[in-house]
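To start, the structure itself, in structure tokens.
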Amino acid sequence: MRLIIADGYAEMCARGAEIFTDVLKKKPNAVLGLATGSTVIGVYDKLAETFESGAVSFGEARTVNLDEYVGASPDDPISYAYYMAEKLFDRTDIDKKNTHIPDGMAENLAAECARYDALLDALPRDVQLLGIGSDGHIGFNEPGSPFDGRTHVAALAASTVKDNSRLFGSIAEVPRRAVTMGISDILKAKRIVILACGANKAKAVYDMISGEISESCPASALRLHADVTALVDREAAGRLK
Ligand code: GLP
């Protein structure tokens with residue numbers, strides 16, 4: 001794992017966006033694995049800016065997102081589909097039919113997981129963007145998730161519900177379940193870029209980089225991958241030796 005300690009949030013996001021821009025310039029129809037959460041918003045801002053400047057096009061790109069809340073419809077601002085439209089898709093020339101997010105409204109969630117697995121098999125990711133939960137989760141693969149897992153319905157850890165409640169009116173409004181890509185499919189991306197900022201991520205970053213490779217820290221699975229770049233700010237790197 002390559003560790004880059006960035007000088008602040010803007011630099012961290014600019015470096016992350018640069019990796020995606022380079023991939024797209026070399027391969028305009030690349031498959032981009034995308035993530036949600038507050039940390040990666042700056043990456044999307046930078047990508048939208050780069051698109052506006054004319055330096056890159058998303059016209060042929062395909063995207064696959066990590067996860068979606070169960071019960072969240074794309075027109076609901078709490079959904080990750082809404083987030084993606086607002087933060088990236090509607091700001092670029094991306095063709096919406098080439099964007100994929102699990103369907104949190106599916107009546108048959110088992111069938112939806114199987115559909116998503118087939119989609120992942122058909123669209124191998126050239127690069128995967130990740131954030132990290134304060135408990136070390138990636139996507140919604142919470143501690144204890146098997147490294148060979150595929151798309152599944154995950155129950156959010158109590159700490160994740162609490163972390164994510166800042167984006168909702170109250171803790172009661174936070175969905176308790178999500179459909180998430182499994183760790184095995186995250187690891188299938190050719191290249192992985194994981195971002196972390198802030199002191200509340202310092203323990204997760206330490207466990208990911210210096211802890212045991214174990215299911216107790218899902219992000220530690222990334223050490224089994226040959227091409228991972230971890231972009232962190234000074235606060236998130238605070239516990240590293
Ligand atoms: C959410 C998402 C993750 C994300 C994480 C961190 O639960 N499912 O994909 O990486 O939380 O979010 P944030 O960047 O807002 O701290």
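Labels used: A, B, ... for chains in the order of the structure tokens, numbers from 1 for residues in each chain, and numbers from 1 for ligands as shown.
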9 Å shell around ligand 1 using only C-alpha atoms and all ligand atoms, listed as a PyMOL selection string: chain A and resi 34-41+66-69+80+130-134+136-141+156+160-161+163-164+167+178+180+194-198+200-201
For Lys97 in chain A, find every residue with an atom within 12 Å (counting only C-alpha atoms), except residues of its own chain fewer than 6 positions away, and show them as a PDB file with C-alpha atoms, in the first residue's frame.
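Saved to part_10.pdb:
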```pdb
ATOM      1  CA  GLY A  59     -18.926  10.563 -22.142  1.00  0.00           C
ATOM      2  CA  GLU A  60     -17.828   6.955 -22.488  1.00  0.00           C
ATOM      3  CA  ALA A  61     -17.114   6.168 -18.830  1.00  0.00           C
ATOM      4  CA  ARG A  62     -19.004   3.490 -16.960  1.00  0.00           C
ATOM      5  CA  THR A  63     -19.496   3.722 -13.191  1.00  0.00           C
ATOM      6  CA  VAL A  64     -20.370   1.235 -10.491  1.00  0.00           C
ATOM      7  CA  PHE A  89     -23.325  12.784 -12.694  1.00  0.00           C
TER       8      PHE A  89
END
```
Residue with smallest distance to Gly16 in chain A - pool A:Ala30, A:Ala237, A:Leu129, A:Ala221, counting only C-alpha atoms: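 Ranking A:Ala30, A:Ala237, A:Leu129, A:Ala221 by distance to Gly16 in chain A, first place goes to A:Leu129.
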A:Ala230, A:Val205, A:Val56, A:Ala10 ranked by distance to Pro218 in chain A, top pick (using only C-alpha atoms):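 Smallest separation from Pro218 in chain A among the options: A:Val205.
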Every residue of range 138-215 of chain A that DSSP places in helix (DSSP H, G or I), as number ranges by chain: A: 158-167, 171-173, 183-186, 199-210
Using N, CA and C atoms, can you export the residues from the last selection as a PDB file, in the first residue's frame?
```pdb
ATOM      1  N   ALA A 158     -23.735  -0.055  14.937  1.00  0.00           N
ATOM      2  CA  ALA A 158     -24.310   1.047  15.737  1.00  0.00           C
ATOM      3  C   ALA A 158     -23.458   2.311  15.597  1.00  0.00           C
ATOM      4  N   SER A 159     -22.130   2.143  15.535  1.00  0.00           N
ATOM      5  CA  SER A 159     -21.254   3.317  15.421  1.00  0.00           C
ATOM      6  C   SER A 159     -21.425   3.996  14.062  1.00  0.00           C
ATOM      7  N   THR A 160     -21.714   3.205  13.021  1.00  0.00           N
ATOM      8  CA  THR A 160     -21.927   3.782  11.681  1.00  0.00           C
ATOM      9  C   THR A 160     -23.238   4.560  11.647  1.00  0.00           C
ATOM     10  N   VAL A 161     -24.274   3.999  12.275  1.00  0.00           N
ATOM     11  CA  VAL A 161     -25.563   4.705  12.337  1.00  0.00           C
ATOM     12  C   VAL A 161     -25.333   6.062  13.020  1.00  0.00           C
ATOM     13  N   LYS A 162     -24.558   6.037  14.079  1.00  0.00           N
ATOM     14  CA  LYS A 162     -24.279   7.281  14.821  1.00  0.00           C
ATOM     15  C   LYS A 162     -23.454   8.245  13.945  1.00  0.00           C
ATOM     16  N   ASP A 163     -22.385   7.747  13.315  1.00  0.00           N
ATOM     17  CA  ASP A 163     -21.556   8.601  12.441  1.00  0.00           C
ATOM     18  C   ASP A 163     -22.388   9.240  11.339  1.00  0.00           C
ATOM     19  N   ASN A 164     -23.226   8.419  10.696  1.00  0.00           N
ATOM     20  CA  ASN A 164     -23.959   8.907   9.532  1.00  0.00           C
ATOM     21  C   ASN A 164     -25.173   9.750   9.913  1.00  0.00           C
ATOM     22  N   SER A 165     -25.543   9.745  11.202  1.00  0.00           N
ATOM     23  CA  SER A 165     -26.730  10.491  11.629  1.00  0.00           C
ATOM     24  C   SER A 165     -26.539  11.999  11.449  1.00  0.00           C
ATOM     25  N   ARG A 166     -25.289  12.455  11.331  1.00  0.00           N
ATOM     26  CA  ARG A 166     -25.071  13.896  11.142  1.00  0.00           C
ATOM     27  C   ARG A 166     -25.666  14.373   9.829  1.00  0.00           C
ATOM     28  N   LEU A 167     -25.889  13.445   8.903  1.00  0.00           N
ATOM     29  CA  LEU A 167     -26.448  13.813   7.604  1.00  0.00           C
ATOM     30  C   LEU A 167     -27.970  13.677   7.576  1.00  0.00           C
ATOM     31  N   ILE A 171     -31.160  10.505  14.596  1.00  0.00           N
ATOM     32  CA  ILE A 171     -30.589   9.162  14.499  1.00  0.00           C
ATOM     33  C   ILE A 171     -31.654   8.149  14.051  1.00  0.00           C
ATOM     34  N   ALA A 172     -32.913   8.414  14.439  1.00  0.00           N
ATOM     35  CA  ALA A 172     -34.008   7.490  14.094  1.00  0.00           C
ATOM     36  C   ALA A 172     -34.223   7.416  12.585  1.00  0.00           C
ATOM     37  N   GLU A 173     -33.818   8.461  11.863  1.00  0.00           N
ATOM     38  CA  GLU A 173     -34.053   8.489  10.411  1.00  0.00           C
ATOM     39  C   GLU A 173     -32.981   7.757   9.609  1.00  0.00           C
ATOM     40  N   ILE A 183     -16.417  -7.380  -0.092  1.00  0.00           N
ATOM     41  CA  ILE A 183     -14.977  -7.087  -0.098  1.00  0.00           C
ATOM     42  C   ILE A 183     -14.270  -7.767  -1.277  1.00  0.00           C
ATOM     43  N   SER A 184     -14.709  -8.969  -1.639  1.00  0.00           N
ATOM     44  CA  SER A 184     -13.993  -9.673  -2.732  1.00  0.00           C
ATOM     45  C   SER A 184     -14.076  -8.864  -4.026  1.00  0.00           C
ATOM     46  N   ASP A 185     -15.216  -8.215  -4.269  1.00  0.00           N
ATOM     47  CA  ASP A 185     -15.352  -7.427  -5.504  1.00  0.00           C
ATOM     48  C   ASP A 185     -14.605  -6.101  -5.418  1.00  0.00           C
ATOM     49  N   ILE A 186     -14.521  -5.546  -4.214  1.00  0.00           N
ATOM     50  CA  ILE A 186     -13.706  -4.333  -4.050  1.00  0.00           C
ATOM     51  C   ILE A 186     -12.264  -4.667  -4.428  1.00  0.00           C
ATOM     52  N   ALA A 199      -9.402  13.456  12.563  1.00  0.00           N
ATOM     53  CA  ALA A 199      -8.904  12.663  13.693  1.00  0.00           C
ATOM     54  C   ALA A 199      -9.798  11.458  13.997  1.00  0.00           C
ATOM     55  N   ASN A 200     -11.095  11.548  13.673  1.00  0.00           N
ATOM     56  CA  ASN A 200     -11.971  10.402  13.983  1.00  0.00           C
ATOM     57  C   ASN A 200     -11.707   9.196  13.075  1.00  0.00           C
ATOM     58  N   LYS A 201     -10.840   9.381  12.067  1.00  0.00           N
ATOM     59  CA  LYS A 201     -10.474   8.252  11.206  1.00  0.00           C
ATOM     60  C   LYS A 201      -9.091   7.701  11.566  1.00  0.00           C
ATOM     61  N   ALA A 202      -8.410   8.323  12.542  1.00  0.00           N
ATOM     62  CA  ALA A 202      -7.017   7.951  12.830  1.00  0.00           C
ATOM     63  C   ALA A 202      -6.881   6.493  13.258  1.00  0.00           C
ATOM     64  N   LYS A 203      -7.819   5.999  14.065  1.00  0.00           N
ATOM     65  CA  LYS A 203      -7.704   4.604  14.513  1.00  0.00           C
ATOM     66  C   LYS A 203      -7.933   3.648  13.342  1.00  0.00           C
ATOM     67  N   ALA A 204      -8.942   3.940  12.529  1.00  0.00           N
ATOM     68  CA  ALA A 204      -9.233   3.076  11.369  1.00  0.00           C
ATOM     69  C   ALA A 204      -8.046   3.057  10.408  1.00  0.00           C
ATOM     70  N   VAL A 205      -7.419   4.215  10.202  1.00  0.00           N
ATOM     71  CA  VAL A 205      -6.259   4.295   9.301  1.00  0.00           C
ATOM     72  C   VAL A 205      -5.090   3.494   9.886  1.00  0.00           C
ATOM     73  N   TYR A 206      -4.895   3.619  11.188  1.00  0.00           N
ATOM     74  CA  TYR A 206      -3.825   2.840  11.839  1.00  0.00           C
ATOM     75  C   TYR A 206      -4.101   1.338  11.674  1.00  0.00           C
ATOM     76  N   ASP A 207      -5.316   0.928  11.971  1.00  0.00           N
ATOM     77  CA  ASP A 207      -5.659  -0.504  11.868  1.00  0.00           C
ATOM     78  C   ASP A 207      -5.519  -1.008  10.429  1.00  0.00           C
ATOM     79  N   MET A 208      -5.913  -0.173   9.469  1.00  0.00           N
ATOM     80  CA  MET A 208      -5.818  -0.570   8.053  1.00  0.00           C
ATOM     81  C   MET A 208      -4.357  -0.792   7.648  1.00  0.00           C
ATOM     82  N   ILE A 209      -3.477   0.092   8.116  1.00  0.00           N
ATOM     83  CA  ILE A 209      -2.088   0.078   7.641  1.00  0.00           C
ATOM     84  C   ILE A 209      -1.167  -0.743   8.549  1.00  0.00           C
ATOM     85  N   SER A 210      -1.365  -0.626   9.837  1.00  0.00           N
ATOM     86  CA  SER A 210      -0.398  -1.232  10.773  1.00  0.00           C
ATOM     87  C   SER A 210      -0.984  -2.333  11.647  1.00  0.00           C
TER      88      SER A 210
END
```
